[in-house]
file my_file.cif (mmCIF, C-alpha atoms)
data_model
loop_
_atom_site.group_PDB
_atom_site.id
_atom_site.type_symbol
_atom_site.label_atom_id
_atom_site.label_comp_id
_atom_site.auth_asym_id
_atom_site.auth_seq_id
_atom_site.Cartn_x
_atom_site.Cartn_y
_atom_site.Cartn_z
ATOM 1 C CA MET A 1 -106.053 75.668 59.294
ATOM 2 C CA THR A 2 -104.545 73.816 62.240
ATOM 3 C CA LEU A 3 -106.468 72.264 65.112
ATOM 4 C CA THR A 4 -104.239 73.308 67.980
ATOM 5 C CA ALA A 5 -104.464 72.190 71.590
ATOM 6 C CA ASP A 6 -105.642 75.715 72.505
ATOM 7 C CA LEU A 7 -108.404 75.560 69.901
ATOM 8 C CA LEU A 8 -109.537 72.163 71.123
ATOM 9 C CA ARG A 9 -109.454 73.371 74.741
ATOM 10 C CA SER A 10 -111.540 76.424 73.854
ATOM 11 C CA SER A 11 -114.214 74.163 72.394
ATOM 12 C CA VAL A 12 -114.914 72.543 75.784
ATOM 13 C CA ALA A 13 -117.954 74.497 76.977
ATOM 14 C CA ASN A 14 -118.503 72.274 80.025
ATOM 15 C CA ARG A 15 -116.265 69.455 81.193
ATOM 16 C CA GLY A 16 -119.048 67.928 83.238
ATOM 17 C CA ASN A 17 -118.814 64.633 85.049
ATOM 18 C CA VAL A 18 -116.733 62.486 82.699
ATOM 19 C CA ASP A 19 -117.214 59.164 84.527
ATOM 20 C CA ARG A 20 -119.646 57.772 81.947
ATOM 21 C CA LEU A 21 -117.523 59.007 79.059
ATOM 22 C CA SER A 22 -114.404 57.476 80.629
ATOM 23 C CA ARG A 23 -116.179 54.123 81.005
ATOM 24 C CA PHE A 24 -117.324 54.343 77.373
ATOM 25 C CA LEU A 25 -113.757 54.977 76.174
ATOM 26 C CA THR A 26 -112.439 52.126 78.335
ATOM 27 C CA ARG A 27 -115.003 49.783 76.787
ATOM 28 C CA ALA A 28 -114.021 50.979 73.312
ATOM 29 C CA ALA A 29 -110.343 50.341 74.063
ATOM 30 C CA ARG A 30 -111.243 46.797 75.190
ATOM 31 C CA GLY A 31 -112.858 46.126 71.816
ATOM 32 C CA GLU A 32 -116.512 45.936 72.844
ATOM 33 C CA SER A 33 -119.434 46.424 70.473
ATOM 34 C CA LEU A 34 -120.840 49.888 71.150
ATOM 35 C CA THR A 35 -123.658 52.074 69.878
ATOM 36 C CA LEU A 36 -123.089 55.738 69.050
ATOM 37 C CA ALA A 37 -126.250 57.824 68.703
ATOM 38 C CA CYS A 38 -126.805 61.427 67.682
ATOM 39 C CA ILE A 39 -130.044 63.397 67.901
ATOM 40 C CA GLY A 40 -130.679 66.868 66.563
ATOM 41 C CA GLY A 41 -131.866 68.848 63.571
ATOM 42 C CA SER A 42 -130.644 69.270 60.012
ATOM 43 C CA ILE A 43 -126.978 69.657 61.003
ATOM 44 C CA THR A 44 -127.107 66.228 62.626
ATOM 45 C CA GLN A 45 -129.136 64.838 59.736
ATOM 46 C CA GLY A 46 -126.268 65.866 57.443
ATOM 47 C CA PHE A 47 -127.832 68.702 55.453
ATOM 48 C CA SER A 48 -125.184 70.353 53.217
ATOM 49 C CA ALA A 49 -122.759 67.436 53.452
ATOM 50 C CA SER A 50 -121.852 66.272 49.948
ATOM 51 C CA SER A 51 -122.757 62.695 50.901
ATOM 52 C CA PRO A 52 -124.059 60.902 53.990
ATOM 53 C CA GLU A 53 -120.491 59.757 54.707
ATOM 54 C CA LYS A 54 -119.393 63.411 55.022
ATOM 55 C CA SER A 55 -121.897 64.385 57.734
ATOM 56 C CA TRP A 56 -120.444 65.112 61.164
ATOM 57 C CA VAL A 57 -122.229 62.048 62.511
ATOM 58 C CA SER A 58 -120.635 59.724 59.952
ATOM 59 C CA LEU A 59 -117.230 61.384 60.318
ATOM 60 C CA THR A 60 -117.458 60.940 64.099
ATOM 61 C CA GLY A 61 -118.342 57.260 63.660
ATOM 62 C CA ALA A 62 -115.408 56.834 61.275
ATOM 63 C CA TRP A 63 -113.074 58.510 63.794
ATOM 64 C CA PHE A 64 -114.151 56.102 66.536
ATOM 65 C CA THR A 65 -113.643 53.143 64.190
ATOM 66 C CA ARG A 66 -110.098 54.304 63.331
ATOM 67 C CA ARG A 67 -109.240 55.180 66.933
ATOM 68 C CA PHE A 68 -110.599 51.918 68.371
ATOM 69 C CA PRO A 69 -110.091 49.294 65.643
ATOM 70 C CA LEU A 70 -110.914 46.367 67.953
ATOM 71 C CA SER A 71 -114.408 47.704 68.641
ATOM 72 C CA ARG A 72 -117.478 47.414 66.455
ATOM 73 C CA PHE A 73 -119.590 50.570 66.381
ATOM 74 C CA THR A 74 -123.244 50.828 65.458
ATOM 75 C CA LEU A 75 -124.139 54.369 64.403
ATOM 76 C CA ILE A 76 -127.611 55.875 64.896
ATOM 77 C CA ASN A 77 -128.326 59.182 63.200
ATOM 78 C CA ALA A 78 -131.587 60.482 64.664
ATOM 79 C CA GLY A 79 -131.271 63.914 63.082
ATOM 80 C CA ILE A 80 -134.402 65.391 61.524
ATOM 81 C CA GLY A 81 -134.233 68.823 59.904
ATOM 82 C CA ALA A 82 -136.046 71.809 61.410
ATOM 83 C CA THR A 83 -136.751 70.053 64.719
ATOM 84 C CA THR A 84 -136.187 71.340 68.229
ATOM 85 C CA SER A 85 -135.715 69.827 71.667
ATOM 86 C CA LEU A 86 -139.501 69.887 72.032
ATOM 87 C CA VAL A 87 -139.729 67.363 69.203
ATOM 88 C CA GLY A 88 -136.532 65.555 70.175
ATOM 89 C CA VAL A 89 -137.638 64.752 73.708
ATOM 90 C CA HIS A 90 -140.815 63.151 72.342
ATOM 91 C CA ARG A 91 -138.994 60.919 69.881
ATOM 92 C CA LEU A 92 -136.027 60.131 72.137
ATOM 93 C CA GLU A 93 -137.341 56.780 73.408
ATOM 94 C CA GLU A 94 -138.354 55.352 70.044
ATOM 95 C CA ASP A 95 -135.549 56.763 67.903
ATOM 96 C CA VAL A 96 -132.640 56.465 70.351
ATOM 97 C CA LEU A 97 -133.071 54.954 73.813
ATOM 98 C CA SER A 98 -134.861 51.823 72.587
ATOM 99 C CA ARG A 99 -131.662 51.004 70.680
ATOM 100 C CA GLY A 100 -129.435 51.077 73.773
ATOM 101 C CA PRO A 101 -126.933 53.855 73.013
ATOM 102 C CA ASP A 102 -123.612 53.809 74.814
ATOM 103 C CA LEU A 103 -122.893 57.407 73.785
ATOM 104 C CA LEU A 104 -125.440 60.056 72.800
ATOM 105 C CA ALA A 105 -124.556 63.414 71.238
ATOM 106 C CA VAL A 106 -127.323 66.039 71.395
ATOM 107 C CA ASP A 107 -127.412 68.954 68.921
ATOM 108 C CA PHE A 108 -130.355 71.358 69.213
ATOM 109 C CA ALA A 109 -128.638 74.662 70.097
ATOM 110 C CA VAL A 110 -129.191 76.396 66.756
ATOM 111 C CA ASN A 111 -132.764 75.129 66.324
ATOM 112 C CA ASP A 112 -134.057 75.872 69.815
ATOM 113 C CA PRO A 113 -135.192 79.417 70.507
ATOM 114 C CA ALA A 114 -133.666 80.805 73.709
ATOM 115 C CA GLU A 115 -136.928 80.307 75.599
ATOM 116 C CA THR A 116 -137.736 78.521 78.847
ATOM 117 C CA ARG A 117 -139.991 75.822 77.361
ATOM 118 C CA PHE A 118 -137.275 74.751 74.913
ATOM 119 C CA ALA A 119 -134.638 74.797 77.663
ATOM 120 C CA GLU A 120 -136.918 72.611 79.787
ATOM 121 C CA ALA A 121 -137.402 70.170 76.894
ATOM 122 C CA PHE A 122 -133.628 70.037 76.341
ATOM 123 C CA GLU A 123 -133.007 69.373 80.034
ATOM 124 C CA SER A 124 -135.735 66.704 80.042
ATOM 125 C CA LEU A 125 -134.046 65.009 77.089
ATOM 126 C CA LEU A 126 -130.751 64.927 78.995
ATOM 127 C CA ARG A 127 -132.405 63.725 82.227
ATOM 128 C CA GLU A 128 -134.338 60.987 80.451
ATOM 129 C CA THR A 129 -131.169 59.720 78.768
ATOM 130 C CA LEU A 130 -129.142 59.788 81.997
ATOM 131 C CA SER A 131 -131.858 57.965 83.933
ATOM 132 C CA ALA A 132 -132.468 55.338 81.217
ATOM 133 C CA SER A 133 -129.097 53.706 81.841
ATOM 134 C CA PRO A 134 -126.283 54.312 84.328
ATOM 135 C CA ASP A 135 -123.782 53.701 81.528
ATOM 136 C CA THR A 136 -124.954 55.935 78.664
ATOM 137 C CA ALA A 137 -122.549 58.837 78.188
ATOM 138 C CA VAL A 138 -124.081 62.105 76.974
ATOM 139 C CA ILE A 139 -122.425 65.035 75.224
ATOM 140 C CA ALA A 140 -124.172 68.253 74.206
ATOM 141 C CA LEU A 141 -122.972 70.032 71.083
ATOM 142 C CA PHE A 142 -123.245 73.736 70.387
ATOM 143 C CA MET A 143 -123.124 74.429 66.673
ATOM 144 C CA ALA A 144 -123.072 77.928 65.149
ATOM 145 C CA ARG A 145 -125.298 80.366 63.300
ATOM 146 C CA ARG A 146 -123.613 83.119 61.355
ATOM 147 C CA GLU A 147 -125.529 85.790 63.266
ATOM 148 C CA GLY A 148 -124.663 84.047 66.551
ATOM 149 C CA MET A 149 -128.182 83.305 67.823
ATOM 150 C CA SER A 150 -128.549 80.015 69.691
ATOM 151 C CA ALA A 151 -129.900 78.467 72.865
ATOM 152 C CA ARG A 152 -126.360 77.750 74.033
ATOM 153 C CA GLU A 153 -126.532 79.645 77.337
ATOM 154 C CA LEU A 154 -129.777 78.033 78.485
ATOM 155 C CA GLN A 155 -128.612 74.599 77.373
ATOM 156 C CA LEU A 156 -125.229 75.111 79.006
ATOM 157 C CA ARG A 157 -126.959 75.774 82.347
ATOM 158 C CA ALA A 158 -128.778 72.449 82.025
ATOM 159 C CA CYS A 159 -125.491 70.694 81.232
ATOM 160 C CA GLU A 160 -123.864 72.270 84.278
ATOM 161 C CA ARG A 161 -126.752 71.251 86.560
ATOM 162 C CA LEU A 162 -126.680 67.657 85.304
ATOM 163 C CA GLY A 163 -122.910 67.254 84.895
ATOM 164 C CA VAL A 164 -123.187 66.715 81.128
ATOM 165 C CA SER A 165 -120.124 67.449 79.016
ATOM 166 C CA ALA A 166 -120.621 70.055 76.288
ATOM 167 C CA LEU A 167 -118.519 70.867 73.241
ATOM 168 C CA GLY A 168 -118.728 74.176 71.398
ATOM 169 C CA PHE A 169 -118.142 74.003 67.668
ATOM 170 C CA ASP A 170 -119.358 77.601 67.836
ATOM 171 C CA SER A 171 -116.433 78.595 70.103
ATOM 172 C CA ALA A 172 -113.866 76.876 67.908
ATOM 173 C CA LEU A 173 -115.342 78.435 64.771
ATOM 174 C CA GLU A 174 -115.328 81.891 66.362
ATOM 175 C CA ALA A 175 -111.665 81.473 67.356
ATOM 176 C CA LEU A 176 -110.718 80.413 63.820
ATOM 177 C CA LEU A 177 -112.573 83.359 62.288
ATOM 178 C CA ARG A 178 -111.140 85.850 64.789
ATOM 179 C CA SER A 179 -107.560 84.649 64.209
ATOM 180 C CA GLY A 180 -107.950 84.810 60.426
ATOM 181 C CA GLN A 181 -107.181 81.084 60.029
ATOM 182 C CA ALA A 182 -110.501 80.581 58.275
ATOM 183 C CA ARG A 183 -113.406 82.396 56.688
ATOM 184 C CA TRP A 184 -117.035 81.457 57.327
ATOM 185 C CA GLU A 185 -117.282 80.104 53.778
ATOM 186 C CA ASP A 186 -114.339 77.754 54.399
ATOM 187 C CA LEU A 187 -116.329 75.820 57.029
ATOM 188 C CA GLU A 188 -119.999 76.540 56.473
ATOM 189 C CA ALA A 189 -122.196 75.851 53.431
ATOM 190 C CA ASP A 190 -124.705 78.569 54.368
ATOM 191 C CA GLU A 191 -125.753 80.545 57.452
ATOM 192 C CA VAL A 192 -125.875 77.488 59.731
ATOM 193 C CA HIS A 193 -124.919 74.186 58.076
ATOM 194 C CA PRO A 194 -121.295 72.995 58.166
ATOM 195 C CA ASN A 195 -119.784 71.822 54.902
ATOM 196 C CA ASP A 196 -117.722 68.639 54.534
#
call {"tool": "encode", "arguments": {"input": "my_file.cif", "output": "structure tokens"}}
result
Amino acid sequence: MTLTADLLRSSVANRGNVDRLSRFLTRAARGESLTLACIGGSITQGFSASSPEKSWVSLTGAWFTRRFPLSRFTLINAGIGATTSLVGVHRLEEDVLSRGPDLLAVDFAVNDPAETRFAEAFESLLRETLSASPDTAVIALFMARREGMSARELQLRACERLGVSALGFDSALEALLRSGQARWEDLEADEVHPND
């Protein structure tokens, strides 16, 4: 399987306002000490990864370390299995914001039902993060369920309203499956959790 430019482009669900992300990347290129944080459910926690180092959070941290060798990255994994945005917004301050993240990735699309109260909690989580610091960059992630159910559309509307960038693993996975480059079992350990 090849990660082509088209595949990567198709995974951008919302470009958003990239000013904060650009400043974060500039700081990383300068060699600053930065904090990467991720909040979500079991996918973020690393369920189905063969080791903690193989979770998407750890692999993302390792990528940043390789890409920006002059910087020192602190990694916060605030993933707790079977939780939704309703839980996430209530633990955001203690588990994430109190630690001063420079970049926060939010992953609740497969855990949140597509209901207004969950969409409001997700949007509140984004708003609270954006208002906590003018420098914290935020990215929403849309993971995938085999049957396709997720809160992606409601969460995407919140991202669009707030100018938050969003990446769709679900879109990239769908493109790989449709093109025959991969089977579900090649990338997923079960109905929802990515493998290594």
call {"tool": "atom_distance", "arguments": {"input": "my_file.cif", "atom1": "atom CA of A:Phe68", "atom2": "atom CA of A:Ser55"}}
result
19.9 Å
call {"tool": "resolve_selection", "arguments": {"input": "my_file.cif", "expression": "the PyMOL selection byres ((chain A and resi 29) around 12)", "output": "list of chain:residue names"}}
result
A:Ser22, A:Arg23, A:Phe24, A:Leu25, A:Thr26, A:Arg27, A:Ala28, A:Arg30, A:Gly31, A:Glu32, A:Ser33, A:Leu34, A:Phe64, A:Thr65, A:Arg66, A:Arg67, A:Phe68, A:Pro69, A:Leu70, A:Ser71, A:Arg72
call {"tool": "resolve_selection", "arguments": {"input": "my_file.cif", "expression": "the PyMOL selection byres ((chain A and resi 162) around 10)", "output": "number ranges by chain"}}
result
A: 16-17, 123, 126-127, 130, 156-161, 163-165
call {"tool": "atom_distance", "arguments": {"input": "my_file.cif", "atom1": "atom CA of A:Ser171", "atom2": "atom CA of A:Arg146"}}
result
12.2 Å
call {"tool": "atom_distance", "arguments": {"input": "my_file.cif", "atom1": "atom CA of A:Asn77", "atom2": "atom CA of A:Glu128"}}
result
18.4 Å
call {"tool": "residues_around", "arguments": {"input": "my_file.cif", "residues": "A:Leu92", "least_positions_apart": "3", "cutoff": "9 Å", "atoms": "all atoms listed in the file", "output": "PDB file with C-alpha atoms, keeping the file's coordinate frame"}}
result
ATOM      1  CA  ILE A  39    -130.044  63.397  67.901  1.00  0.00           C
ATOM      2  CA  ALA A  78    -131.587  60.482  64.664  1.00  0.00           C
ATOM      3  CA  VAL A  87    -139.729  67.363  69.203  1.00  0.00           C
ATOM      4  CA  GLY A  88    -136.532  65.555  70.175  1.00  0.00           C
ATOM      5  CA  VAL A  89    -137.638  64.752  73.708  1.00  0.00           C
ATOM      6  CA  ASP A  95    -135.549  56.763  67.903  1.00  0.00           C
ATOM      7  CA  VAL A  96    -132.640  56.465  70.351  1.00  0.00           C
ATOM      8  CA  LEU A  97    -133.071  54.954  73.813  1.00  0.00           C
ATOM      9  CA  SER A  98    -134.861  51.823  72.587  1.00  0.00           C
ATOM     10  CA  LEU A 125    -134.046  65.009  77.089  1.00  0.00           C
ATOM     11  CA  GLU A 128    -134.338  60.987  80.451  1.00  0.00           C
ATOM     12  CA  THR A 129    -131.169  59.720  78.768  1.00  0.00           C
TER      13      THR A 129
END
call {"tool": "resolve_selection", "arguments": {"input": "my_file.cif", "expression": "the PyMOL selection byres ((chain A and resi 83) around 8)", "output": "list in words"}}
result
Gly40, Gly41, Ser42, Ile80, Gly81, Ala82, Thr84, Ser85, Leu86, Val87, Gly88, Phe108 and Asn111 of chain A
call {"tool": "closest_residue", "arguments": {"input": "my_file.cif", "among": "A:Phe47, A:Trp56, A:Trp63, A:Trp184", "to": "A:Leu141", "atoms": "all atoms listed in the file"}}
result
A:Trp56
call {"tool": "closest_residue", "arguments": {"input": "my_file.cif", "among": "A:Arg145, A:Leu176, A:Ser48, A:Ala121", "to": "A:His90", "atoms": "all atoms listed in the file"}}
result
A:Ala121
call {"tool": "axis_aligned_box", "arguments": {"input": "my_file.cif", "around": "stretch 77-85 of chain A", "padding_each_side": "5 Å", "output": "JSON"}}
result
{"center_x": -132.5, "center_y": 65.5, "center_z": 65.8, "size_x": 18.4, "size_y": 22.6, "size_z": 21.8}
call {"tool": "closest_residue", "arguments": {"input": "my_file.cif", "among": "A:Pro134, A:Pro52, A:Gly79, A:Gly168", "to": "A:Asn195", "atoms": "all atoms listed in the file"}}
result
A:Pro52
call {"tool": "closest_residue", "arguments": {"input": "my_file.cif", "among": "A:Ala189, A:Asp102, A:Leu173, A:Glu120", "to": "A:Phe142", "atoms": "all atoms listed in the file"}}
result
A:Leu173
call {"tool": "closest_residue", "arguments": {"input": "my_file.cif", "among": "A:Leu103, A:Val12, A:Ala119, A:Ala62", "to": "A:Asp135", "atoms": "only C-alpha atoms"}}
result
A:Leu103
